[in-house]
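Enquirer: Here it is, the structure, as structure tokens.
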Amino acid sequence: MQLKSALLFLLFFSITAGQSFAQKKKVTATVTSNAPASKWTEAKANEWYSKFSWRSGANYLPATAINQLEMWQEETFDTATIAKEFGWAKSIGFNTMRVYLHSLAWKQDAAGFKKRMDQYLSIADRNGIKTIFVFFDDCWNPDPKPGKQSARKPGIHNSGWVQDPGQKASFDTAAFPFLETYVTDVLKSFSKDDRILLWDLYNEPGNSGKKDSSAALLTKVFEWARKVNPGQPISAGIWAWDFEKLNEIQLRNSDVVTYHDYEEAQWHRRVLELLKASGRPLICTEYMARTRNSRFATIMPMLKEKNIGAINWGFVAGKSNTIYAWDTPLPNGDEPLEWFHDIYYPSGVPYRQDEVNLIKKLNEVKTP
């Protein structure tokens, strides 16, 4: 943890110094009419955040979907399950869901994909829920393919989750024109949609052994988003504290600072105190891993106290298998002694009633 603190300090020092230098250069810079939009100022970002109540929610995937493609492809797009599960989210006061898109689902049928996004947003809006949409992702299976998705593997965490755009395409510059078209089309189509809270441009860049090879796509997706200049803020959450090059790109370009932390409370608190040095709103877009002592009871009250958005991983136990820990498979498929992620059984029964009671209390839900 001492190493993490030192890395963060150095990172913020370099960014602050860089911003000061850039501000001095702006005095003599010539602004052209076709210049891309600039990063939101701290004042604009904080004014935007002040308009909302405290943000809480989950990373969301319907229990009937094994991955992003199964959620969004026409044949398996399941509005009935989404509506049912969002009713449970509303009942405990959740007001934000983080949801992954996928470029291959758009490639199959761009118009249909955006129609389904709109249908999803309508369901979320009826339940008082805003959405953080995620574009790219470096996690888990490296070779995504459209069409019928594989069956889940018993007891293995996220056995069917797929990267976007994939292990090779993420650093293949020949794929970038297609990816730019995808990102631009989606952003333009929903750039003024107030049902969307924020655009999360790239989940955990550098994961799956990619490290700095993800820097080119990370840089480009920020550039593409700035050209569109959506009405919502853009961000990419920091998650690996020793990825200095990637962290600098993320923090230097994000309107709002988002981050992941699955540590116990004392270490998580140190991280958020360091991140506050940015002067920008903070949203924790991933936390809560019970067997690592990142729990609702210890983390969620701390985030509310600091007015930091709290988006845990997992909502309903389903085909994603995220009740199992990353590194502790149960190949026989038995229910683990303690769930890693998730809040509800597919029936709507809470895994732990005390956790649901706490979430409702923090969200100030009035129980009859």
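In the structure tokens, chains take the letters A, B, ... in the order shown, each chain's residues start at 1, and ligands count up from 1 in the order shown.
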Pick out the residues sitting within 6 Å of segment 222-235 of chain A, and hand them over as a list of chain:residue names; count only C-alpha atoms, and ignore anything fewer than 2 positions along from it in its own chain.

Expert: A:Pro36, A:Ala37, A:Ser191, A:Lys192, A:Leu198, A:Trp199, A:Asp200, A:Thr219, A:Lys220, A:Ser254, A:Asp255, A:Val256

Enquirer: Next, the residues of the selection above should be written as a PDB file, in the first residue's frame with C-alpha atoms.

Expert:
```
ATOM      1  CA  PRO A  36     -11.742  19.552 -30.594  1.00  0.00           C
ATOM      2  CA  ALA A  37     -13.599  20.294 -27.382  1.00  0.00           C
ATOM      3  CA  SER A 191     -24.973  12.833 -26.712  1.00  0.00           C
ATOM      4  CA  LYS A 192     -27.855  14.877 -25.286  1.00  0.00           C
ATOM      5  CA  LEU A 198     -21.514   9.425 -17.911  1.00  0.00           C
ATOM      6  CA  TRP A 199     -19.526   7.715 -20.676  1.00  0.00           C
ATOM      7  CA  ASP A 200     -16.867   5.306 -19.376  1.00  0.00           C
ATOM      8  CA  THR A 219      -5.632   7.889 -26.193  1.00  0.00           C
ATOM      9  CA  LYS A 220      -7.680   7.600 -29.371  1.00  0.00           C
ATOM     10  CA  SER A 254     -11.232  12.471 -17.609  1.00  0.00           C
ATOM     11  CA  ASP A 255     -13.841  15.104 -16.788  1.00  0.00           C
ATOM     12  CA  VAL A 256     -14.826  13.141 -13.693  1.00  0.00           C
TER      13      VAL A 256
END
```

Enquirer: Skip Ser150 of chain A itself and residues of its chain fewer than 5 positions away, then list as JSON, numbers by chain all residues within 12 Å of it, counting only C-alpha atoms.

Expert: {"A": [65, 66, 67, 69, 70, 141, 144, 145, 158, 159, 160, 161, 162, 319, 320]}

Enquirer: What separation in Å, quoted to one decimal, exists between atom CA of Ala105 of chain A and atom CA of Gly128 of chain A?

Expert: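 Going from atom CA of Ala105 of chain A over to atom CA of Gly128 of chain A covers 26.3 Å.
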
Enquirer: For atom CA of Val356 of chain A and atom CA of Thr298 of chain A, quote the distance in Å rounded to one decimal.

Expert: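 Computing it gives 13.8 Å between the two atoms.
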
Enquirer: Using only C-alpha atoms, which residue out of A:Ala89, A:Ser208, A:Leu197, A:Leu282 lies closest to Asn46 of chain A?

Expert: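 When distances to Asn46 of chain A are compared using only C-alpha atoms, the smallest one comes from A:Leu282.
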
Enquirer: Measuring between only C-alpha atoms, which one of A:Ile129, A:Cys139, A:Ala174, A:Leu121 shows the shortest distance to Phe190 of chain A?

Expert: A:Leu121

Enquirer: Write out as JSON lines the residues of segment 154-186 of chain A that have any atom within 12 Å of an atom of segment 337-352 of chain A, one row each with the nearest atom pair and its distance in Å to one decimal, counting only C-alpha atoms, sorted by chain and then rising number.

Expert:
```
{"residue": "A:Gly155", "atom": "CA", "partner": "A:Trp339", "partner_atom": "CA", "distance": 11.5}
{"residue": "A:Ile156", "atom": "CA", "partner": "A:Phe340", "partner_atom": "CA", "distance": 11.6}
{"residue": "A:His157", "atom": "CA", "partner": "A:Phe340", "partner_atom": "CA", "distance": 9.3}
{"residue": "A:Asn158", "atom": "CA", "partner": "A:His341", "partner_atom": "CA", "distance": 11.2}
```

Enquirer: For C-alpha atoms, I'd like the residues from the last selection saved as a JSON list (two decimals), in the first residue's frame.

Expert:
```json
[["chain", "number", "residue", "atom", "x", "y", "z"],
["A", 155, "GLY", "CA", -18.07, -22.41, -10.77],
["A", 156, "ILE", "CA", -15.80, -20.14, -12.83],
["A", 157, "HIS", "CA", -16.03, -16.37, -12.43],
["A", 158, "ASN", "CA", -17.08, -14.59, -15.64]]
```

Enquirer: Would you kindly return, as an MDAnalysis selection string, each protein, DNA or RNA residue with an atom no farther than 12 Å from any atom of Thr96 of chain A, considering only C-alpha atoms and excluding same-chain residues fewer than 2 positions away?

Expert: chainID A and resid 52:60 86 89:90 92:94 98:99 121 124:125 127:133 195:198 283:285 309:312 315 363

Enquirer: Run DSSP on the backbone and tell me which residues of segment 259-315 of chain A come out as strand (DSSP E or B); list them as a list of chain:residue names.

Expert: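 Strand (DSSP E or B) assignments inside segment 259-315 of chain A correspond to A:Tyr259, A:His260, A:Leu282, A:Ile283, A:Cys284, A:Thr285, A:Glu286, A:Ala289, A:Ser294, A:Gly309, A:Ala310, A:Ile311, A:Asn312, A:Trp313.
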
Enquirer: Find, counting only C-alpha atoms, the residue in A:Leu246, A:Val316, A:Ile323, A:Leu251 that gets nearest to Pro62 of chain A.

Expert: A:Val316

Enquirer: Do you have the atom CA of Ile238 of chain A-atom CA of Asp172 of chain A distance handy?

Expert: 22.6 Å

Enquirer: Apply DSSP to the structure's backbone, then extract all residues of segment 82-331 of chain A labelled helix (DSSP H, G or I) and return them as an mmCIF file with N, CA and C atoms, in the first residue's frame.

Expert:
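Below is the file that was written, selection-v3.cif:
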```cif
data_model
loop_
_atom_site.group_PDB
_atom_site.id
_atom_site.type_symbol
_atom_site.label_atom_id
_atom_site.label_comp_id
_atom_site.auth_asym_id
_atom_site.auth_seq_id
_atom_site.Cartn_x
_atom_site.Cartn_y
_atom_site.Cartn_z
ATOM 1 N N ILE A 82 -34.678 -7.444 -17.580
ATOM 2 C CA ILE A 82 -34.156 -6.132 -17.200
ATOM 3 C C ILE A 82 -35.196 -5.362 -16.385
ATOM 4 N N ALA A 83 -36.442 -5.362 -16.844
ATOM 5 C CA ALA A 83 -37.502 -4.643 -16.136
ATOM 6 C C ALA A 83 -37.724 -5.213 -14.738
ATOM 7 N N LYS A 84 -37.738 -6.530 -14.630
ATOM 8 C CA LYS A 84 -37.933 -7.171 -13.320
ATOM 9 C C LYS A 84 -36.797 -6.821 -12.371
ATOM 10 N N GLU A 85 -35.567 -6.942 -12.853
ATOM 11 C CA GLU A 85 -34.415 -6.702 -11.988
ATOM 12 C C GLU A 85 -34.259 -5.229 -11.632
ATOM 13 N N PHE A 86 -34.637 -4.346 -12.538
ATOM 14 C CA PHE A 86 -34.560 -2.925 -12.218
ATOM 15 C C PHE A 86 -35.631 -2.533 -11.204
ATOM 16 N N GLY A 87 -36.719 -3.287 -11.141
ATOM 17 C CA GLY A 87 -37.693 -3.068 -10.079
ATOM 18 C C GLY A 87 -37.080 -3.351 -8.712
ATOM 19 N N TRP A 88 -36.242 -4.395 -8.641
ATOM 20 C CA TRP A 88 -35.537 -4.688 -7.387
ATOM 21 C C TRP A 88 -34.533 -3.583 -7.071
ATOM 22 N N ALA A 89 -33.850 -3.075 -8.100
ATOM 23 C CA ALA A 89 -32.887 -1.997 -7.884
ATOM 24 C C ALA A 89 -33.590 -0.750 -7.334
ATOM 25 N N LYS A 90 -34.726 -0.420 -7.918
ATOM 26 C CA LYS A 90 -35.483 0.747 -7.450
ATOM 27 C C LYS A 90 -35.908 0.571 -6.001
ATOM 28 N N SER A 91 -36.280 -0.652 -5.615
ATOM 29 C CA SER A 91 -36.805 -0.901 -4.274
ATOM 30 C C SER A 91 -35.762 -0.665 -3.184
ATOM 31 N N SER A 103 -18.805 -3.505 -29.337
ATOM 32 C CA SER A 103 -18.692 -3.036 -30.723
ATOM 33 C C SER A 103 -19.196 -4.062 -31.728
ATOM 34 N N LEU A 104 -19.084 -5.364 -31.426
ATOM 35 C CA LEU A 104 -19.532 -6.378 -32.380
ATOM 36 C C LEU A 104 -21.047 -6.444 -32.461
ATOM 37 N N ALA A 105 -21.734 -6.149 -31.377
ATOM 38 C CA ALA A 105 -23.197 -6.083 -31.423
ATOM 39 C C ALA A 105 -23.644 -4.907 -32.292
ATOM 40 N N TRP A 106 -22.913 -3.787 -32.204
ATOM 41 C CA TRP A 106 -23.200 -2.636 -33.081
ATOM 42 C C TRP A 106 -22.885 -2.985 -34.528
ATOM 43 N N LYS A 107 -21.787 -3.680 -34.770
ATOM 44 C CA LYS A 107 -21.375 -4.025 -36.131
ATOM 45 C C LYS A 107 -22.419 -4.904 -36.819
ATOM 46 N N GLN A 108 -23.032 -5.811 -36.081
ATOM 47 C CA GLN A 108 -24.071 -6.678 -36.644
ATOM 48 C C GLN A 108 -25.239 -5.872 -37.190
ATOM 49 N N ALA A 110 -26.263 -1.782 -36.529
ATOM 50 C CA ALA A 110 -26.093 -0.531 -35.784
ATOM 51 C C ALA A 110 -27.427 0.083 -35.380
ATOM 52 N N ALA A 111 -28.374 0.128 -36.307
ATOM 53 C CA ALA A 111 -29.670 0.735 -36.000
ATOM 54 C C ALA A 111 -30.401 -0.063 -34.927
ATOM 55 N N GLY A 112 -30.393 -1.388 -35.054
ATOM 56 C CA GLY A 112 -31.049 -2.227 -34.064
ATOM 57 C C GLY A 112 -30.382 -2.134 -32.703
ATOM 58 N N PHE A 113 -29.054 -2.067 -32.699
ATOM 59 C CA PHE A 113 -28.305 -1.935 -31.455
ATOM 60 C C PHE A 113 -28.705 -0.662 -30.725
ATOM 61 N N LYS A 114 -28.777 0.450 -31.443
ATOM 62 C CA LYS A 114 -29.138 1.718 -30.807
ATOM 63 C C LYS A 114 -30.611 1.721 -30.376
ATOM 64 N N LYS A 115 -31.451 1.025 -31.107
ATOM 65 C CA LYS A 115 -32.846 0.889 -30.691
ATOM 66 C C LYS A 115 -32.941 0.141 -29.371
ATOM 67 N N ARG A 116 -32.128 -0.912 -29.243
ATOM 68 C CA ARG A 116 -32.144 -1.664 -27.996
ATOM 69 C C ARG A 116 -31.555 -0.844 -26.847
ATOM 70 N N MET A 117 -30.541 -0.039 -27.135
ATOM 71 C CA MET A 117 -30.039 0.874 -26.108
ATOM 72 C C MET A 117 -31.155 1.793 -25.618
ATOM 73 N N ASP A 118 -31.935 2.310 -26.540
ATOM 74 C CA ASP A 118 -33.043 3.197 -26.172
ATOM 75 C C ASP A 118 -34.096 2.457 -25.348
ATOM 76 N N GLN A 119 -34.396 1.213 -25.724
ATOM 77 C CA GLN A 119 -35.345 0.419 -24.945
ATOM 78 C C GLN A 119 -34.830 0.199 -23.529
ATOM 79 N N TYR A 120 -33.556 -0.153 -23.436
ATOM 80 C CA TYR A 120 -32.948 -0.330 -22.114
ATOM 81 C C TYR A 120 -33.062 0.969 -21.300
ATOM 82 N N LEU A 121 -32.707 2.095 -21.905
ATOM 83 C CA LEU A 121 -32.733 3.372 -21.203
ATOM 84 C C LEU A 121 -34.137 3.735 -20.744
ATOM 85 N N SER A 122 -35.130 3.376 -21.537
ATOM 86 C CA SER A 122 -36.519 3.648 -21.142
ATOM 87 C C SER A 122 -36.883 2.860 -19.884
ATOM 88 N N ILE A 123 -36.476 1.608 -19.823
ATOM 89 C CA ILE A 123 -36.738 0.788 -18.631
ATOM 90 C C ILE A 123 -36.026 1.383 -17.422
ATOM 91 N N ALA A 124 -34.750 1.737 -17.597
ATOM 92 C CA ALA A 124 -33.992 2.327 -16.501
ATOM 93 C C ALA A 124 -34.633 3.625 -16.027
ATOM 94 N N ASP A 125 -35.039 4.461 -16.957
ATOM 95 C CA ASP A 125 -35.620 5.752 -16.616
ATOM 96 C C ASP A 125 -36.930 5.594 -15.847
ATOM 97 N N ARG A 126 -37.737 4.616 -16.226
ATOM 98 C CA ARG A 126 -38.993 4.366 -15.508
ATOM 99 C C ARG A 126 -38.742 4.002 -14.047
ATOM 100 N N ALA A 169 -7.174 -6.785 -31.547
ATOM 101 C CA ALA A 169 -7.737 -5.572 -32.141
ATOM 102 C C ALA A 169 -7.495 -4.334 -31.291
ATOM 103 N N SER A 170 -7.297 -4.511 -29.979
ATOM 104 C CA SER A 170 -7.133 -3.347 -29.123
ATOM 105 C C SER A 170 -5.836 -2.586 -29.399
ATOM 106 N N PHE A 171 -4.852 -3.240 -29.999
ATOM 107 C CA PHE A 171 -3.632 -2.496 -30.359
ATOM 108 C C PHE A 171 -3.297 -2.606 -31.849
ATOM 109 N N THR A 173 -3.797 -0.885 -35.093
ATOM 110 C CA THR A 173 -4.265 0.419 -35.575
ATOM 111 C C THR A 173 -5.129 0.304 -36.830
ATOM 112 N N ALA A 174 -5.025 -0.814 -37.546
ATOM 113 C CA ALA A 174 -5.886 -1.010 -38.715
ATOM 114 C C ALA A 174 -7.345 -1.141 -38.316
ATOM 115 N N ALA A 175 -7.601 -1.530 -37.062
ATOM 116 C CA ALA A 175 -8.983 -1.668 -36.579
ATOM 117 C C ALA A 175 -9.542 -0.348 -36.070
ATOM 118 N N PHE A 176 -8.697 0.660 -35.897
ATOM 119 C CA PHE A 176 -9.140 1.896 -35.266
ATOM 120 C C PHE A 176 -10.209 2.661 -36.066
ATOM 121 N N PRO A 177 -10.144 2.716 -37.414
ATOM 122 C CA PRO A 177 -11.208 3.434 -38.122
ATOM 123 C C PRO A 177 -12.599 2.864 -37.843
ATOM 124 N N PHE A 178 -12.718 1.539 -37.799
ATOM 125 C CA PHE A 178 -14.009 0.928 -37.462
ATOM 126 C C PHE A 178 -14.423 1.305 -36.043
ATOM 127 N N LEU A 179 -13.491 1.226 -35.108
ATOM 128 C CA LEU A 179 -13.808 1.536 -33.721
ATOM 129 C C LEU A 179 -14.191 3.008 -33.555
ATOM 130 N N GLU A 180 -13.522 3.881 -34.302
ATOM 131 C CA GLU A 180 -13.885 5.302 -34.252
ATOM 132 C C GLU A 180 -15.309 5.517 -34.762
ATOM 133 N N THR A 181 -15.660 4.853 -35.843
ATOM 134 C CA THR A 181 -17.016 4.978 -36.391
ATOM 135 C C THR A 181 -18.052 4.514 -35.374
ATOM 136 N N TYR A 182 -17.764 3.402 -34.723
ATOM 137 C CA TYR A 182 -18.671 2.864 -33.692
ATOM 138 C C TYR A 182 -18.853 3.850 -32.545
ATOM 139 N N VAL A 183 -17.750 4.292 -31.957
ATOM 140 C CA VAL A 183 -17.825 5.196 -30.816
ATOM 141 C C VAL A 183 -18.519 6.497 -31.208
ATOM 142 N N THR A 184 -18.163 7.035 -32.353
ATOM 143 C CA THR A 184 -18.735 8.296 -32.802
ATOM 144 C C THR A 184 -20.235 8.180 -33.028
ATOM 145 N N ASP A 185 -20.665 7.099 -33.661
ATOM 146 C CA ASP A 185 -22.092 6.908 -33.934
ATOM 147 C C ASP A 185 -22.896 6.816 -32.644
ATOM 148 N N VAL A 186 -22.431 6.020 -31.709
ATOM 149 C CA VAL A 186 -23.167 5.860 -30.456
ATOM 150 C C VAL A 186 -23.189 7.162 -29.666
ATOM 151 N N LEU A 187 -22.039 7.825 -29.568
ATOM 152 C CA LEU A 187 -21.993 9.080 -28.816
ATOM 153 C C LEU A 187 -22.890 10.149 -29.443
ATOM 154 N N LYS A 188 -22.838 10.283 -30.757
ATOM 155 C CA LYS A 188 -23.686 11.292 -31.404
ATOM 156 C C LYS A 188 -25.165 10.985 -31.210
ATOM 157 N N SER A 189 -25.509 9.720 -31.250
ATOM 158 C CA SER A 189 -26.914 9.330 -31.139
ATOM 159 C C SER A 189 -27.485 9.612 -29.752
ATOM 160 N N PHE A 190 -26.629 9.585 -28.719
ATOM 161 C CA PHE A 190 -27.119 9.742 -27.345
ATOM 162 C C PHE A 190 -26.423 10.881 -26.605
ATOM 163 N N LYS A 211 -0.929 -4.291 -20.611
ATOM 164 C CA LYS A 211 -0.160 -3.179 -20.048
ATOM 165 C C LYS A 211 -0.173 -1.972 -21.000
ATOM 166 N N ASP A 212 0.992 -1.388 -21.269
ATOM 167 C CA ASP A 212 1.030 -0.131 -22.020
ATOM 168 C C ASP A 212 0.620 -0.273 -23.484
ATOM 169 N N SER A 213 0.467 -1.492 -23.977
ATOM 170 C CA SER A 213 0.043 -1.643 -25.367
ATOM 171 C C SER A 213 -1.369 -1.110 -25.589
ATOM 172 N N SER A 214 -2.124 -0.903 -24.511
ATOM 173 C CA SER A 214 -3.477 -0.339 -24.628
ATOM 174 C C SER A 214 -3.465 1.190 -24.700
ATOM 175 N N ALA A 215 -2.309 1.792 -24.557
ATOM 176 C CA ALA A 215 -2.238 3.256 -24.492
ATOM 177 C C ALA A 215 -2.727 3.917 -25.772
ATOM 178 N N ALA A 216 -2.444 3.319 -26.927
ATOM 179 C CA ALA A 216 -2.831 3.953 -28.197
ATOM 180 C C ALA A 216 -4.349 4.038 -28.323
ATOM 181 N N LEU A 217 -5.046 2.934 -28.054
ATOM 182 C CA LEU A 217 -6.501 2.952 -28.152
ATOM 183 C C LEU A 217 -7.115 3.823 -27.070
ATOM 184 N N LEU A 218 -6.548 3.785 -25.872
ATOM 185 C CA LEU A 218 -7.039 4.651 -24.791
ATOM 186 C C LEU A 218 -6.937 6.117 -25.180
ATOM 187 N N THR A 219 -5.809 6.504 -25.753
ATOM 188 C CA THR A 219 -5.632 7.889 -26.193
ATOM 189 C C THR A 219 -6.626 8.245 -27.288
ATOM 190 N N LYS A 220 -6.792 7.333 -28.242
ATOM 191 C CA LYS A 220 -7.680 7.600 -29.371
ATOM 192 C C LYS A 220 -9.139 7.737 -28.942
ATOM 193 N N VAL A 221 -9.602 6.870 -28.026
ATOM 194 C CA VAL A 221 -11.018 6.926 -27.669
ATOM 195 C C VAL A 221 -11.352 8.237 -26.961
ATOM 196 N N PHE A 222 -10.392 8.785 -26.204
ATOM 197 C CA PHE A 222 -10.607 10.119 -25.647
ATOM 198 C C PHE A 222 -10.686 11.160 -26.763
ATOM 199 N N GLU A 223 -9.821 11.049 -27.755
ATOM 200 C CA GLU A 223 -9.857 12.000 -28.875
ATOM 201 C C GLU A 223 -11.177 11.915 -29.623
ATOM 202 N N TRP A 224 -11.644 10.695 -29.898
ATOM 203 C CA TRP A 224 -12.900 10.523 -30.625
ATOM 204 C C TRP A 224 -14.075 11.110 -29.842
ATOM 205 N N ALA A 225 -14.064 10.886 -28.537
ATOM 206 C CA ALA A 225 -15.153 11.410 -27.713
ATOM 207 C C ALA A 225 -15.135 12.931 -27.667
ATOM 208 N N ARG A 226 -13.951 13.526 -27.598
ATOM 209 C CA ARG A 226 -13.865 14.992 -27.564
ATOM 210 C C ARG A 226 -14.366 15.605 -28.875
ATOM 211 N N LYS A 227 -14.151 14.917 -29.981
ATOM 212 C CA LYS A 227 -14.653 15.444 -31.256
ATOM 213 C C LYS A 227 -16.179 15.522 -31.248
ATOM 214 N N VAL A 228 -16.814 14.534 -30.642
ATOM 215 C CA VAL A 228 -18.280 14.546 -30.551
ATOM 216 C C VAL A 228 -18.733 15.573 -29.522
ATOM 217 N N GLU A 244 1.641 3.525 -14.708
ATOM 218 C CA GLU A 244 1.778 4.976 -14.635
ATOM 219 C C GLU A 244 1.399 5.667 -15.949
ATOM 220 N N LYS A 245 1.822 5.100 -17.086
ATOM 221 C CA LYS A 245 1.521 5.726 -18.365
ATOM 222 C C LYS A 245 0.019 5.765 -18.617
ATOM 223 N N LEU A 246 -0.659 4.649 -18.372
ATOM 224 C CA LEU A 246 -2.101 4.586 -18.594
ATOM 225 C C LEU A 246 -2.844 5.471 -17.604
ATOM 226 N N ASN A 247 -2.434 5.440 -16.321
ATOM 227 C CA ASN A 247 -3.085 6.276 -15.321
ATOM 228 C C ASN A 247 -2.988 7.754 -15.674
ATOM 229 N N GLU A 248 -1.847 8.158 -16.190
ATOM 230 C CA GLU A 248 -1.679 9.568 -16.541
ATOM 231 C C GLU A 248 -2.621 9.965 -17.675
ATOM 232 N N ILE A 249 -2.753 9.096 -18.671
ATOM 233 C CA ILE A 249 -3.682 9.373 -19.772
ATOM 234 C C ILE A 249 -5.107 9.476 -19.242
ATOM 235 N N GLN A 250 -5.477 8.556 -18.368
ATOM 236 C CA GLN A 250 -6.839 8.537 -17.840
ATOM 237 C C GLN A 250 -7.142 9.777 -17.010
ATOM 238 N N LEU A 251 -6.254 10.102 -16.085
ATOM 239 C CA LEU A 251 -6.509 11.239 -15.213
ATOM 240 C C LEU A 251 -6.395 12.573 -15.949
ATOM 241 N N ARG A 252 -5.499 12.631 -16.905
ATOM 242 C CA ARG A 252 -5.321 13.887 -17.630
ATOM 243 C C ARG A 252 -6.519 14.210 -18.525
ATOM 244 N N ASN A 253 -7.260 13.196 -18.941
ATOM 245 C CA ASN A 253 -8.333 13.407 -19.914
ATOM 246 C C ASN A 253 -9.745 13.253 -19.366
ATOM 247 N N ALA A 265 -11.445 -1.408 3.901
ATOM 248 C CA ALA A 265 -11.783 0.005 4.072
ATOM 249 C C ALA A 265 -10.577 0.903 4.316
ATOM 250 N N GLN A 266 -9.623 0.476 5.146
ATOM 251 C CA GLN A 266 -8.513 1.391 5.485
ATOM 252 C C GLN A 266 -7.690 1.760 4.260
ATOM 253 N N TRP A 267 -7.476 0.796 3.347
ATOM 254 C CA TRP A 267 -6.699 1.072 2.146
ATOM 255 C C TRP A 267 -7.539 1.823 1.115
ATOM 256 N N HIS A 268 -8.795 1.483 1.026
ATOM 257 C CA HIS A 268 -9.680 2.196 0.108
ATOM 258 C C HIS A 268 -9.761 3.673 0.512
ATOM 259 N N ARG A 269 -9.868 3.920 1.807
ATOM 260 C CA ARG A 269 -9.942 5.316 2.275
ATOM 261 C C ARG A 269 -8.689 6.097 1.869
ATOM 262 N N ARG A 270 -7.527 5.481 1.978
ATOM 263 C CA ARG A 270 -6.298 6.181 1.602
ATOM 264 C C ARG A 270 -6.299 6.528 0.114
ATOM 265 N N VAL A 271 -6.799 5.605 -0.701
ATOM 266 C CA VAL A 271 -6.870 5.854 -2.137
ATOM 267 C C VAL A 271 -7.788 7.027 -2.440
ATOM 268 N N LEU A 272 -8.984 7.025 -1.853
ATOM 269 C CA LEU A 272 -9.914 8.102 -2.190
ATOM 270 C C LEU A 272 -9.428 9.454 -1.678
ATOM 271 N N GLU A 273 -8.709 9.468 -0.565
ATOM 272 C CA GLU A 273 -8.160 10.733 -0.084
ATOM 273 C C GLU A 273 -7.110 11.277 -1.060
ATOM 274 N N LEU A 274 -6.315 10.385 -1.643
ATOM 275 C CA LEU A 274 -5.336 10.816 -2.639
ATOM 276 C C LEU A 274 -6.026 11.291 -3.918
ATOM 277 N N LEU A 275 -7.052 10.574 -4.328
ATOM 278 C CA LEU A 275 -7.747 10.947 -5.560
ATOM 279 C C LEU A 275 -8.479 12.282 -5.430
ATOM 280 N N LYS A 276 -8.856 12.647 -4.227
ATOM 281 C CA LYS A 276 -9.518 13.938 -4.017
ATOM 282 C C LYS A 276 -8.627 15.107 -4.413
ATOM 283 N N ALA A 277 -7.307 14.848 -4.503
ATOM 284 C CA ALA A 277 -6.379 15.907 -4.914
ATOM 285 C C ALA A 277 -6.679 16.411 -6.314
ATOM 286 N N SER A 278 -7.418 15.632 -7.101
ATOM 287 C CA SER A 278 -7.769 16.076 -8.452
ATOM 288 C C SER A 278 -8.704 17.269 -8.445
ATOM 289 N N ARG A 290 -16.541 -9.641 -1.203
ATOM 290 C CA ARG A 290 -16.699 -10.004 0.208
ATOM 291 C C ARG A 290 -15.504 -10.757 0.779
ATOM 292 N N THR A 291 -14.966 -11.706 0.026
ATOM 293 C CA THR A 291 -13.867 -12.513 0.561
ATOM 294 C C THR A 291 -12.557 -11.746 0.650
ATOM 295 N N ARG A 292 -12.526 -10.540 0.082
ATOM 296 C CA ARG A 292 -11.357 -9.661 0.224
ATOM 297 C C ARG A 292 -11.642 -8.538 1.212
ATOM 298 N N PHE A 296 -20.241 -4.057 1.672
ATOM 299 C CA PHE A 296 -21.175 -2.938 1.745
ATOM 300 C C PHE A 296 -21.079 -2.249 3.099
ATOM 301 N N ALA A 297 -20.989 -3.012 4.166
ATOM 302 C CA ALA A 297 -21.025 -2.450 5.515
ATOM 303 C C ALA A 297 -19.842 -1.543 5.814
ATOM 304 N N THR A 298 -18.700 -1.805 5.179
ATOM 305 C CA THR A 298 -17.495 -1.024 5.482
ATOM 306 C C THR A 298 -17.175 0.033 4.433
ATOM 307 N N ILE A 299 -17.552 -0.221 3.175
ATOM 308 C CA ILE A 299 -17.163 0.687 2.084
ATOM 309 C C ILE A 299 -18.267 1.680 1.732
ATOM 310 N N MET A 300 -19.487 1.208 1.627
ATOM 311 C CA MET A 300 -20.566 2.073 1.135
ATOM 312 C C MET A 300 -20.819 3.285 2.042
ATOM 313 N N PRO A 301 -20.854 3.131 3.389
ATOM 314 C CA PRO A 301 -21.033 4.327 4.232
ATOM 315 C C PRO A 301 -19.897 5.335 4.069
ATOM 316 N N MET A 302 -18.679 4.832 3.900
ATOM 317 C CA MET A 302 -17.523 5.709 3.720
ATOM 318 C C MET A 302 -17.661 6.522 2.428
ATOM 319 N N LEU A 303 -18.109 5.874 1.356
ATOM 320 C CA LEU A 303 -18.273 6.583 0.092
ATOM 321 C C LEU A 303 -19.390 7.626 0.181
ATOM 322 N N LYS A 304 -20.469 7.280 0.874
ATOM 323 C CA LYS A 304 -21.541 8.274 1.021
ATOM 324 C C LYS A 304 -21.073 9.474 1.830
ATOM 325 N N GLU A 305 -20.333 9.208 2.893
ATOM 326 C CA GLU A 305 -19.810 10.297 3.731
ATOM 327 C C GLU A 305 -19.012 11.303 2.899
#
```

Enquirer: As an mmCIF file with N, CA and C atoms, in the first residue's frame, please: the residues near Gln163 of chain A (cut-off 6 Å, only C-alpha atoms, same-chain neighbours under 2 positions excluded).

Expert:
```cif
data_model
loop_
_atom_site.group_PDB
_atom_site.id
_atom_site.type_symbol
_atom_site.label_atom_id
_atom_site.label_comp_id
_atom_site.auth_asym_id
_atom_site.auth_seq_id
_atom_site.Cartn_x
_atom_site.Cartn_y
_atom_site.Cartn_z
ATOM 1 N N ASP A 137 -13.063 -2.708 -23.217
ATOM 2 C CA ASP A 137 -12.789 -3.494 -22.021
ATOM 3 C C ASP A 137 -11.670 -4.487 -22.319
ATOM 4 N N ASP A 138 -10.666 -4.525 -21.447
ATOM 5 C CA ASP A 138 -9.523 -5.431 -21.630
ATOM 6 C C ASP A 138 -9.621 -6.698 -20.782
ATOM 7 N N CYS A 139 -10.774 -6.993 -20.212
ATOM 8 C CA CYS A 139 -10.878 -8.095 -19.249
ATOM 9 C C CYS A 139 -11.420 -9.391 -19.842
ATOM 10 N N ASN A 141 -12.058 -13.055 -21.620
ATOM 11 C CA ASN A 141 -11.797 -13.825 -22.841
ATOM 12 C C ASN A 141 -11.378 -12.922 -23.997
ATOM 13 N N PRO A 142 -10.258 -13.257 -24.669
ATOM 14 C CA PRO A 142 -9.614 -12.319 -25.587
ATOM 15 C C PRO A 142 -10.169 -12.275 -27.002
ATOM 16 N N PRO A 165 -12.204 -4.295 -27.928
ATOM 17 C CA PRO A 165 -12.518 -5.063 -29.140
ATOM 18 C C PRO A 165 -11.872 -6.435 -29.214
ATOM 19 N N GLY A 166 -11.056 -6.810 -28.216
ATOM 20 C CA GLY A 166 -10.374 -8.092 -28.247
ATOM 21 C C GLY A 166 -8.881 -7.918 -28.072
#
```
